>>> print(open('entry.tsv').read())   # TSV, C-alpha atoms
chain	number	residue	atom	x	y	z
A	1	MET	CA	-6.03	-79.55	97.29
A	2	THR	CA	-4.31	-82.60	95.81
A	3	ASP	CA	-2.32	-82.43	92.59
A	4	GLN	CA	-5.00	-84.55	90.91
A	5	THR	CA	-7.77	-82.20	92.04
A	6	ALA	CA	-5.79	-79.17	90.93
A	7	GLU	CA	-5.25	-80.74	87.49
A	8	ALA	CA	-8.97	-81.45	87.20
A	9	GLU	CA	-9.86	-77.86	88.10
A	10	ASP	CA	-7.30	-76.53	85.62
A	11	TRP	CA	-8.85	-78.71	82.92
A	12	LEU	CA	-12.33	-77.42	83.78
A	13	ARG	CA	-11.10	-73.84	83.74
A	14	LEU	CA	-9.54	-74.30	80.30
A	15	LEU	CA	-12.70	-75.98	78.98
A	16	ALA	CA	-14.87	-73.16	80.32
A	17	HIS	CA	-12.62	-70.56	78.70
A	18	GLU	CA	-12.82	-72.36	75.34
A	19	ARG	CA	-16.63	-72.39	75.64
A	20	GLY	CA	-16.70	-68.62	76.21
A	21	ILE	CA	-17.45	-68.73	79.97
A	22	SER	CA	-15.85	-65.85	81.87
A	23	ARG	CA	-13.60	-66.48	84.89
A	24	ARG	CA	-16.19	-64.88	87.18
A	25	ARG	CA	-18.95	-67.13	85.84
A	26	PHE	CA	-16.69	-70.20	86.07
A	27	LEU	CA	-15.98	-69.57	89.76
A	28	GLN	CA	-19.68	-69.00	90.47
A	29	LEU	CA	-20.66	-72.27	88.80
A	30	LEU	CA	-17.91	-74.16	90.57
A	31	SER	CA	-18.94	-72.84	94.00
A	32	VAL	CA	-22.65	-73.51	93.45
A	33	GLY	CA	-22.67	-76.87	91.69
A	34	GLY	CA	-19.11	-78.08	91.36
A	35	ALA	CA	-17.79	-79.75	88.23
A	36	ALA	CA	-21.27	-80.90	87.17
A	37	ALA	CA	-22.52	-77.30	86.93
A	38	VAL	CA	-19.47	-76.24	84.92
A	39	LEU	CA	-19.91	-79.15	82.50
A	40	ALA	CA	-23.62	-78.40	82.14
A	41	ALA	CA	-22.82	-74.78	81.25
A	42	CYS	CA	-20.17	-75.93	78.75
A	43	PHE	CA	-22.16	-78.60	76.96
A	44	GLY	CA	-25.79	-78.14	77.96
A	45	ASP	CA	-27.79	-80.90	79.61
A	46	ARG	CA	-30.71	-81.40	77.27
A	47	LEU	CA	-31.40	-84.29	74.94
A	48	PRO	CA	-30.74	-83.81	71.21
A	49	GLY	CA	-33.84	-82.92	69.24
A	50	THR	CA	-35.75	-81.22	72.06
A	51	SER	CA	-37.02	-77.73	71.41
A	52	ASP	CA	-35.89	-75.89	74.52
A	53	PRO	CA	-32.48	-76.06	76.19
A	54	THR	CA	-32.49	-76.86	79.90
A	55	PRO	CA	-31.37	-73.79	81.86
A	56	ALA	CA	-28.17	-74.22	83.88
A	57	PRO	CA	-28.33	-73.76	87.68
A	58	THR	CA	-27.10	-70.50	89.15
A	59	ALA	CA	-26.79	-69.01	92.61
A	60	MET	CA	-29.87	-68.29	94.77
A	61	GLY	CA	-31.92	-70.94	92.98
A	62	GLN	CA	-32.21	-68.89	89.81
A	63	THR	CA	-31.75	-70.26	86.30
A	64	GLU	CA	-29.64	-69.17	83.37
A	65	PRO	CA	-31.43	-67.92	80.26
A	66	PRO	CA	-31.69	-70.55	77.50
A	67	ARG	CA	-28.73	-70.94	75.18
A	68	TRP	CA	-30.95	-69.78	72.34
A	69	TYR	CA	-34.57	-68.76	71.81
A	70	LYS	CA	-35.36	-70.20	68.39
A	71	ASP	CA	-36.32	-73.84	67.78
A	72	PRO	CA	-32.98	-75.69	67.41
A	73	THR	CA	-34.50	-78.73	65.68
A	74	PRO	CA	-33.55	-77.75	62.09
A	75	PHE	CA	-29.91	-77.16	63.06
A	76	ILE	CA	-26.76	-79.07	63.89
A	77	GLN	CA	-26.06	-78.17	67.52
A	78	ARG	CA	-22.47	-77.16	68.24
A	79	SER	CA	-21.90	-76.30	71.92
A	80	GLY	CA	-23.86	-73.06	72.44
A	81	SER	CA	-24.27	-72.46	68.71
A	82	LEU	CA	-26.52	-73.66	65.89
A	83	GLU	CA	-25.18	-74.63	62.46
A	84	ALA	CA	-27.58	-74.34	59.54
A	85	ARG	CA	-28.19	-77.31	57.25
A	86	LEU	CA	-27.60	-75.92	53.78
A	87	GLU	CA	-29.96	-78.52	52.29
A	88	ASN	CA	-32.81	-76.72	54.12
A	89	LEU	CA	-32.03	-73.42	52.36
A	90	GLN	CA	-33.82	-73.07	49.03
A	91	GLU	CA	-33.87	-69.32	48.32
A	92	VAL	CA	-31.34	-66.51	48.19
A	93	MET	CA	-32.57	-65.02	51.48
A	94	THR	CA	-32.16	-67.12	54.64
A	95	PRO	CA	-35.30	-67.13	56.84
A	96	ASN	CA	-34.70	-66.04	60.43
A	97	LYS	CA	-35.85	-69.42	61.74
A	98	LEU	CA	-33.12	-71.16	59.68
A	99	PHE	CA	-30.35	-68.58	60.20
A	100	PHE	CA	-27.33	-69.97	62.04
A	101	VAL	CA	-26.48	-68.79	65.56
A	102	ARG	CA	-22.95	-68.26	66.87
A	103	ASN	CA	-22.84	-67.50	70.60
A	104	ASN	CA	-19.92	-67.10	72.96
A	105	SER	CA	-22.15	-67.66	76.00
A	106	THR	CA	-25.96	-67.65	75.89
A	107	SER	CA	-28.41	-65.55	73.93
A	108	MET	CA	-29.41	-62.35	75.70
A	109	ASP	CA	-32.90	-61.10	76.53
A	110	VAL	CA	-32.37	-57.34	76.67
A	111	ASP	CA	-35.10	-54.87	77.65
A	112	ALA	CA	-35.03	-52.23	74.91
A	113	THR	CA	-36.89	-49.70	77.06
A	114	THR	CA	-33.96	-49.43	79.49
A	115	TRP	CA	-31.15	-50.29	77.05
A	116	ARG	CA	-28.66	-47.57	76.20
A	117	LEU	CA	-25.81	-47.37	73.68
A	118	SER	CA	-22.77	-45.60	75.08
A	119	VAL	CA	-20.38	-43.82	72.68
A	120	GLU	CA	-17.15	-42.77	74.37
A	121	GLY	CA	-13.36	-42.64	74.12
A	122	ASP	CA	-10.53	-40.14	73.75
A	123	ALA	CA	-11.28	-39.67	70.04
A	124	VAL	CA	-14.83	-38.30	70.38
A	125	SER	CA	-15.51	-34.72	71.44
A	126	SER	CA	-19.10	-35.31	72.61
A	127	PRO	CA	-19.52	-38.65	74.44
A	128	MET	CA	-23.17	-39.63	74.55
A	129	GLU	CA	-25.80	-42.27	75.26
A	130	LEU	CA	-28.53	-43.20	72.80
A	131	SER	CA	-31.81	-44.97	73.59
A	132	TYR	CA	-33.54	-47.49	71.35
A	133	THR	CA	-35.99	-44.76	70.31
A	134	ASP	CA	-33.10	-42.42	69.52
A	135	ILE	CA	-31.60	-45.02	67.20
A	136	GLN	CA	-34.91	-45.76	65.48
A	137	ASN	CA	-35.54	-42.05	64.91
A	138	MET	CA	-32.31	-41.61	62.96
A	139	PRO	CA	-32.35	-41.96	59.13
A	140	SER	CA	-32.18	-45.67	58.32
A	141	THR	CA	-30.47	-47.76	55.65
A	142	THR	CA	-31.51	-51.16	54.26
A	143	LEU	CA	-28.75	-53.55	53.23
A	144	VAL	CA	-28.65	-57.12	51.89
A	145	CYS	CA	-25.55	-58.87	53.16
A	146	TYR	CA	-24.34	-62.37	53.96
A	147	LEU	CA	-22.98	-63.15	57.42
A	148	GLU	CA	-20.38	-65.87	57.94
A	149	CYS	CA	-18.43	-67.07	60.96
A	150	ALA	CA	-14.65	-66.91	60.46
A	151	GLY	CA	-14.53	-70.58	61.44
A	152	ASN	CA	-17.04	-71.79	58.85
A	153	HIS	CA	-15.57	-74.89	57.11
A	154	ARG	CA	-13.13	-75.32	60.06
A	155	ALA	CA	-13.84	-79.07	60.24
A	156	MET	CA	-12.52	-79.38	56.69
A	157	PHE	CA	-8.97	-78.87	57.91
A	158	ASP	CA	-9.44	-82.27	59.57
A	159	ILE	CA	-11.78	-83.91	57.01
A	160	VAL	CA	-9.88	-82.78	53.91
A	161	LYS	CA	-6.30	-82.14	55.09
A	162	GLY	CA	-6.06	-84.43	58.15
A	163	GLN	CA	-5.05	-81.52	60.42
A	164	LYS	CA	-7.58	-80.71	63.13
A	165	ALA	CA	-7.77	-77.04	64.10
A	166	ASP	CA	-8.83	-75.67	67.48
A	167	GLY	CA	-12.39	-74.49	68.04
A	168	THR	CA	-15.97	-75.40	67.18
A	169	GLN	CA	-15.89	-77.90	64.32
A	170	TRP	CA	-18.20	-76.02	61.96
A	171	GLU	CA	-18.74	-77.77	58.64
A	172	ARG	CA	-20.55	-75.63	55.99
A	173	GLY	CA	-23.51	-74.01	57.74
A	174	ALA	CA	-22.10	-71.13	59.80
A	175	VAL	CA	-23.34	-68.73	57.15
A	176	GLY	CA	-26.58	-67.06	56.08
A	177	ASN	CA	-27.88	-64.22	53.94
A	178	GLY	CA	-30.15	-61.50	55.30
A	179	GLU	CA	-31.69	-58.09	54.81
A	180	TRP	CA	-30.69	-55.67	57.57
A	181	ILE	CA	-32.22	-52.34	58.52
A	182	GLY	CA	-30.36	-49.92	60.72
A	183	VAL	CA	-28.38	-46.74	61.14
A	184	PRO	CA	-24.95	-46.20	59.57
A	185	LEU	CA	-22.30	-46.35	62.27
A	186	GLN	CA	-20.83	-43.32	60.53
A	187	ALA	CA	-23.87	-41.25	61.54
A	188	VAL	CA	-23.54	-42.21	65.21
A	189	LEU	CA	-19.80	-41.50	65.29
A	190	THR	CA	-20.34	-38.16	63.55
A	191	GLN	CA	-22.98	-37.20	66.12
A	192	ALA	CA	-20.51	-38.06	68.90
A	193	GLY	CA	-17.91	-35.80	67.30
A	194	ILE	CA	-15.31	-38.30	66.09
A	195	THR	CA	-11.96	-36.50	65.90
A	196	GLU	CA	-9.35	-36.41	63.16
A	197	ASP	CA	-6.86	-38.40	65.26
A	198	ALA	CA	-9.25	-41.37	65.68
A	199	ALA	CA	-7.47	-44.63	64.84
A	200	SER	CA	-9.66	-47.47	66.07
A	201	VAL	CA	-13.28	-48.19	66.98
A	202	LEU	CA	-14.09	-50.90	69.53
A	203	LEU	CA	-17.57	-52.46	69.67
A	204	VAL	CA	-18.53	-54.16	72.95
A	205	GLY	CA	-21.50	-56.47	73.53
A	206	LEU	CA	-23.59	-56.83	76.68
A	207	ASP	CA	-22.99	-60.61	76.87
A	208	GLU	CA	-20.94	-60.62	80.07
A	209	GLY	CA	-20.62	-64.42	79.96
A	210	SER	CA	-18.43	-64.07	76.88
A	211	PRO	CA	-14.64	-63.66	76.97
A	212	GLU	CA	-13.56	-60.28	78.37
A	213	ASP	CA	-16.98	-59.90	80.09
A	214	GLY	CA	-18.57	-58.74	76.85
A	215	PHE	CA	-17.64	-59.91	73.36
A	216	ARG	CA	-15.69	-57.21	71.58
A	217	ARG	CA	-13.86	-56.48	68.37
A	218	ALA	CA	-12.01	-53.49	67.00
A	219	MET	CA	-12.12	-52.12	63.49
A	220	THR	CA	-10.29	-49.39	61.62
A	221	VAL	CA	-11.83	-45.95	61.44
A	222	GLU	CA	-12.04	-46.38	57.67
A	223	LYS	CA	-14.25	-49.47	58.04
A	224	ALA	CA	-16.32	-47.90	60.85
A	225	MET	CA	-16.97	-44.79	58.74
A	226	HIS	CA	-17.90	-46.72	55.60
A	227	PRO	CA	-21.55	-45.87	54.81
A	228	ASP	CA	-22.50	-49.58	54.60
A	229	THR	CA	-21.28	-50.44	58.11
A	230	LEU	CA	-24.55	-50.48	60.05
A	231	LEU	CA	-26.01	-50.67	63.53
A	232	ALA	CA	-29.00	-52.88	62.72
A	233	TYR	CA	-32.27	-53.23	64.62
A	234	ALA	CA	-34.23	-55.28	62.04
A	235	MET	CA	-33.52	-58.50	60.15
A	236	ASN	CA	-35.48	-59.82	57.18
A	237	GLY	CA	-38.37	-57.44	57.80
A	238	GLU	CA	-38.73	-58.32	61.48
A	239	LYS	CA	-37.50	-56.84	64.73
A	240	LEU	CA	-33.99	-58.17	65.32
A	241	PRO	CA	-34.43	-61.59	67.04
A	242	ARG	CA	-32.93	-62.11	70.48
A	243	ASP	CA	-30.58	-64.81	69.18
A	244	HIS	CA	-29.26	-62.34	66.62
A	245	GLY	CA	-28.52	-59.40	68.90
A	246	TYR	CA	-31.73	-57.55	69.83
A	247	PRO	CA	-32.01	-54.65	70.30
A	248	LEU	CA	-28.93	-53.65	68.24
A	249	ARG	CA	-26.07	-55.36	66.44
A	250	ALA	CA	-23.31	-54.41	64.05
A	251	VAL	CA	-23.44	-55.32	60.35
A	252	VAL	CA	-19.95	-55.19	58.83
A	253	PRO	CA	-20.12	-56.19	55.13
A	254	GLY	CA	-17.32	-58.41	53.89
A	255	TRP	CA	-15.82	-58.91	57.36
A	256	VAL	CA	-15.98	-62.06	59.47
A	257	GLY	CA	-18.93	-62.57	61.80
A	258	SER	CA	-16.96	-61.87	64.98
A	259	SER	CA	-16.94	-58.20	63.93
A	260	TRP	CA	-20.76	-58.18	63.82
A	261	ILE	CA	-21.12	-57.60	67.56
A	262	LYS	CA	-24.51	-58.64	68.97
A	263	TRP	CA	-26.39	-57.00	71.88
A	264	LEU	CA	-24.27	-53.91	71.31
A	265	GLY	CA	-23.83	-51.77	74.43
A	266	ARG	CA	-20.68	-49.68	74.01
A	267	ILE	CA	-18.66	-48.04	71.27
A	268	VAL	CA	-15.21	-46.82	72.24
A	269	VAL	CA	-13.28	-44.60	69.80
A	270	SER	CA	-9.54	-44.33	70.41
A	271	SER	CA	-6.61	-42.40	69.02
A	272	GLN	CA	-4.56	-45.60	69.38
A	273	PRO	CA	-5.16	-49.08	67.91
A	274	PHE	CA	-7.05	-51.46	70.20
A	275	TRP	CA	-5.44	-54.82	70.98
A	276	THR	CA	-7.78	-57.25	72.74
A	277	ARG	CA	-8.16	-61.02	72.98
A	278	ASN	CA	-10.07	-61.04	69.71
A	279	ASN	CA	-7.30	-59.57	67.57
A	280	THR	CA	-4.22	-60.86	69.41
A	281	THR	CA	-4.77	-64.53	70.28
A	282	SER	CA	-8.22	-65.21	68.81
A	283	TYR	CA	-9.44	-64.40	65.29
A	284	VAL	CA	-5.81	-64.52	64.22
A	285	LEU	CA	-4.19	-66.77	61.59
A	286	ILE	CA	-1.51	-68.55	63.60
A	287	GLY	CA	0.96	-70.81	61.80
A	288	GLU	CA	4.24	-71.04	59.95
A	289	ASP	CA	2.84	-69.14	56.97
A	290	TYR	CA	1.44	-66.24	59.01
A	291	PRO	CA	3.98	-63.83	60.57
A	292	PRO	CA	2.87	-61.86	63.65
A	293	GLU	CA	1.08	-58.57	62.98
A	294	GLY	CA	1.32	-55.77	65.55
A	295	GLU	CA	0.66	-57.26	69.00
A	296	ALA	CA	-1.09	-60.31	67.51
A	297	ASP	CA	0.25	-63.87	67.44
A	298	GLY	CA	-0.25	-63.97	63.67
A	299	VAL	CA	-2.26	-62.25	60.93
A	300	VAL	CA	-5.45	-60.59	62.23
A	301	VAL	CA	-8.59	-61.93	60.55
A	302	THR	CA	-10.86	-59.22	59.13
A	303	ALA	CA	-12.11	-59.75	55.55
A	304	GLN	CA	-13.78	-62.94	54.40
A	305	THR	CA	-12.55	-65.09	51.51
A	306	VAL	CA	-14.30	-66.43	48.39
A	307	LYS	CA	-16.15	-69.72	49.11
A	308	SER	CA	-18.81	-72.05	47.73
A	309	ALA	CA	-20.73	-75.06	49.01
A	310	LEU	CA	-23.45	-77.40	47.81
A	311	ALA	CA	-26.87	-77.38	49.47
A	312	LEU	CA	-26.73	-81.14	50.06
A	313	PRO	CA	-26.27	-83.25	53.19
A	314	TRP	CA	-22.70	-84.39	53.90
A	315	PRO	CA	-22.37	-87.12	52.71
A	316	ALA	CA	-25.30	-87.06	50.24
A	317	GLU	CA	-27.43	-89.83	48.76
A	318	LEU	CA	-29.19	-89.09	45.46
A	319	PRO	CA	-31.23	-91.05	42.90
A	320	ALA	CA	-29.77	-91.80	39.48
A	321	GLY	CA	-30.82	-89.66	36.52
A	322	GLY	CA	-31.08	-85.98	35.64
A	323	GLN	CA	-31.55	-83.52	38.50
A	324	ARG	CA	-30.85	-79.92	39.44
A	325	ILE	CA	-28.28	-79.35	42.17
A	326	HIS	CA	-27.92	-75.98	43.86
A	327	GLY	CA	-25.59	-74.28	46.30
A	328	TYR	CA	-24.29	-70.91	47.47
A	329	ALA	CA	-21.15	-68.89	46.83
A	330	HIS	CA	-19.99	-65.71	48.53
A	331	SER	CA	-17.11	-63.27	48.79
A	332	PRO	CA	-16.56	-59.70	49.98
A	333	ASN	CA	-16.90	-58.97	46.23
A	334	SER	CA	-19.73	-60.15	43.97
A	335	ILE	CA	-19.48	-63.65	42.51
A	336	SER	CA	-18.76	-63.69	38.77
A	337	LYS	CA	-18.58	-67.45	38.15
A	338	VAL	CA	-19.12	-70.82	39.84
A	339	GLU	CA	-17.77	-74.06	38.34
A	340	TRP	CA	-18.57	-77.64	39.29
A	341	SER	CA	-16.85	-80.98	38.88
A	342	ALA	CA	-18.11	-84.56	39.27
A	343	ASP	CA	-14.67	-86.18	38.98
A	344	SER	CA	-12.79	-84.75	41.97
A	345	GLY	CA	-11.72	-81.65	40.07
A	346	SER	CA	-10.26	-83.20	36.91
A	347	THR	CA	-12.76	-81.40	34.68
A	348	TRP	CA	-14.85	-78.33	35.42
A	349	HIS	CA	-18.17	-77.06	34.05
A	350	GLU	CA	-19.77	-73.65	34.56
A	351	ALA	CA	-22.88	-73.49	36.76
A	352	ASP	CA	-25.85	-71.13	36.33
A	353	LEU	CA	-25.98	-68.07	38.60
A	354	HIS	CA	-29.52	-67.08	39.57
A	355	GLY	CA	-30.61	-63.47	39.51
A	356	PRO	CA	-28.58	-60.32	40.00
A	357	GLN	CA	-26.46	-60.19	43.14
A	358	VAL	CA	-27.62	-57.18	45.10
A	359	GLN	CA	-25.24	-55.35	47.38
A	360	TYR	CA	-23.32	-57.87	49.54
A	361	SER	CA	-25.61	-60.86	49.01
A	362	TRP	CA	-24.33	-64.35	48.42
A	363	ALA	CA	-25.07	-65.98	45.04
A	364	ARG	CA	-27.29	-69.01	44.47
A	365	PHE	CA	-26.01	-71.30	41.71
A	366	GLU	CA	-27.47	-74.36	39.97
A	367	PHE	CA	-26.41	-77.04	37.52
A	368	THR	CA	-27.95	-80.13	35.95
A	369	TRP	CA	-26.31	-83.47	36.73
A	370	SER	CA	-27.29	-86.87	35.29
A	371	PRO	CA	-25.28	-89.51	37.17
A	372	GLY	CA	-25.59	-93.26	37.02
A	373	PRO	CA	-25.35	-95.44	40.13
A	374	GLY	CA	-22.05	-95.20	41.94
A	375	GLU	CA	-19.99	-93.09	44.32
A	376	TYR	CA	-18.84	-89.62	43.31
A	377	ILE	CA	-16.97	-86.59	44.60
A	378	LEU	CA	-18.71	-83.34	43.63
A	379	MET	CA	-16.73	-80.12	43.89
A	380	THR	CA	-17.46	-76.45	43.29
A	381	ARG	CA	-15.22	-73.42	43.03
A	382	ALA	CA	-16.19	-69.77	42.85
A	383	THR	CA	-14.54	-66.72	41.31
A	384	ASP	CA	-15.43	-63.17	42.34
A	385	THR	CA	-15.43	-59.92	40.38
A	386	ALA	CA	-11.98	-59.01	41.73
A	387	GLY	CA	-10.58	-62.15	40.09
A	388	ASN	CA	-10.19	-64.18	43.29
A	389	THR	CA	-10.79	-67.93	42.78
A	390	GLN	CA	-10.92	-70.57	45.47
A	391	PRO	CA	-7.38	-71.97	45.75
A	392	ASP	CA	-6.53	-75.63	45.28
A	393	THR	CA	-5.02	-75.68	48.76
A	394	ILE	CA	-4.44	-73.33	51.69
A	395	PRO	CA	-1.90	-73.51	54.53
A	396	PHE	CA	-3.01	-74.75	57.95
A	397	ASN	CA	-3.68	-72.28	60.72
A	398	LYS	CA	-4.05	-73.26	64.38
A	399	LYS	CA	-7.48	-71.68	64.90
A	400	GLY	CA	-8.96	-73.02	61.66
A	401	TYR	CA	-10.13	-69.76	60.12
A	402	LEU	CA	-10.95	-68.93	56.47
A	403	PHE	CA	-10.81	-72.44	55.00
A	404	ASN	CA	-11.80	-71.97	51.37
A	405	GLN	CA	-10.44	-74.85	49.31
A	406	PRO	CA	-13.03	-76.46	47.00
A	407	LEU	CA	-14.86	-79.02	49.14
A	408	PRO	CA	-14.77	-82.68	48.02
A	409	HIS	CA	-18.45	-83.46	48.62
A	410	PRO	CA	-19.09	-87.24	48.79
A	411	VAL	CA	-22.25	-88.38	46.96
A	412	LYS	CA	-23.67	-91.90	46.65
A	413	VAL	CA	-26.04	-92.40	43.70
A	414	SER	CA	-28.39	-95.39	43.63
>>> encode(input="entry.tsv", output="structure tokens")
Amino acid sequence: MTDQTAEAEDWLRLLAHERGISRRRFLQLLSVGGAAAVLAACFGDRLPGTSDPTPAPTAMGQTEPPRWYKDPTPFIQRSGSLEARLENLQEVMTPNKLFFVRNNSTSMDVDATTWRLSVEGDAVSSPMELSYTDIQNMPSTTLVCYLECAGNHRAMFDIVKGQKADGTQWERGAVGNGEWIGVPLQAVLTQAGITEDAASVLLVGLDEGSPEDGFRRAMTVEKAMHPDTLLAYAMNGEKLPRDHGYPLRAVVPGWVGSSWIKWLGRIVVSSQPFWTRNNTTSYVLIGEDYPPEGEADGVVVTAQTVKSALALPWPAELPAGGQRIHGYAHSPNSISKVEWSADSGSTWHEADLHGPQVQYSWARFEFTWSPGPGEYILMTRATDTAGNTQPDTIPFNKKGYLFNQPLPHPVKVS
């Protein structure tokens, strides 16, 4: 192998890792179809705007499952993920067909009749397996909760601050609000005999194409045993869609989306803290302002921050004259106030909040604006019931997580 060939393979390997392709899958693609197969798996090989992704080639003439199962047309396509267009969202609840998708490989098509959930580890006295029927027969809980990727607004580090962060360049649409039905994780852990020395709970997905051969994240026992941390099998009154983790996914209110493991297959309860890729080098705030925490390269990302965004295209074009503008604000706490500005933040006005905020829902806000022709910068900022307000500025972090400055939304009025 020449140095040039070795450099090319190293580049492909790094690209595949960044796109969530496991080392085993990378080597299989490389042996079957060379660089072209790896690139197809990384970026997809279908034309924008088509309804169905073209499956990637695999060994023995088989095909990969599609990257997603829902119609991608209403979304902004970002690698293997789908970013919602906020201007398409009109109500407090986000319809399943418009709910964003964040994948680390491809969506899974799991057979619920043979699926099993394993609960194991040195901090349970009665390791067990549960079937889909077992889960459905347990007492259920219904919860309204927003779901947001930790990297939502990541592109704004570049757009607003001129510092591009690593990772998928999400703008504002890696977020949605849903109603979830499932079983409290607490009930499952109690049935498995969680012990007093339990320190950490690791959730592992069945998506073997993801990093670590199954996407995984750990949480504290306190969060796992909170009555509102769910194992959900229904979403917005429907069976959990395949793109969203069927047959079972975690719902972790107030925490970033990477904790909401999809296609859940294993729960491991340990007497020691878990340190994996996703809380040491990924989903970690890495930068001068973030000192290392435990075995991590920085501060581990768990809870979300207070944010708001307008439900308008970016940039937006609007007619002159009076009109109602709406958007969404969210925080691990309820939203108490949203303000808006049409002069880049020099003056602020209070927006109208619509309806009571139930449980962990986001808030829909509205305001009336009567602009004349010209170019404007609209901004919003939210405050939650704990007194947290979106900050004027935040420090840069390498992975681009938790950006929550007020967004300078460009609007042309004619």
>>> closest_atom_pairs(input="entry.tsv", of="segment 142-231 of chain A", to="segment 302-312 of chain A", cutoff="12 Å", atoms="all atoms listed in the file", output="CSV")
residue,atom,partner,partner_atom,distance
A:Tyr146,CA,A:Gln304,CA,10.6
A:Leu147,CA,A:Gln304,CA,9.7
A:Glu148,CA,A:Gln304,CA,8.0
A:Cys149,CA,A:Gln304,CA,9.0
A:Ala150,CA,A:Gln304,CA,7.3
A:Gly151,CA,A:Gln304,CA,10.4
A:Asn152,CA,A:Lys307,CA,10.0
A:His153,CA,A:Lys307,CA,9.5
A:Glu171,CA,A:Ala309,CA,10.2
A:Arg172,CA,A:Ala309,CA,7.0
A:Gly173,CA,A:Ala309,CA,9.2
A:Ala174,CA,A:Ala309,CA,11.6
A:Val175,CA,A:Ala309,CA,10.6
A:Arg217,CA,A:Thr302,CA,10.1
A:Ala218,CA,A:Thr302,CA,9.8
A:Met219,CA,A:Thr302,CA,8.4
A:Thr220,CA,A:Thr302,CA,10.2
A:Lys223,CA,A:Thr302,CA,10.4
>>> atom_distance(input="entry.tsv", atom1="atom CA of Ala342 of chain A", atom2="atom CA of Trp314 of chain A")
15.3 Å
>>> closest_residue(input="entry.tsv", among="A:Gly327, A:Gly178, A:Gly294, A:Pro391", to="Phe403 of chain A", atoms="only C-alpha atoms")
A:Pro391
>>> closest_residue(input="entry.tsv", among="A:Thr141, A:Gln163, A:Asn177, A:Ser125", to="Asn96 of chain A", atoms="all atoms listed in the file")
A:Asn177
>>> atom_distance(input="entry.tsv", atom1="atom CA of Glu196 of chain A", atom2="atom CA of Ser282 of chain A")
29.4 Å
>>> atom_distance(input="entry.tsv", atom1="atom CA of Ala363 of chain A", atom2="atom CA of Thr380 of chain A")
13.1 Å
>>> residues_near_point(input="entry.tsv", point="(-18.6, -39.3, 64.8)", cutoff="10 Å", atoms="all atoms listed in the file", output="list in words")
Val119, Ala123, Val124, Ser125, Ser126, Pro127, Leu185, Gln186, Ala187, Val188, Leu189, Thr190, Gln191, Ala192, Gly193, Ile194, Thr195, Glu196, Ala198, Ala224, Met225 and Val269 of chain A
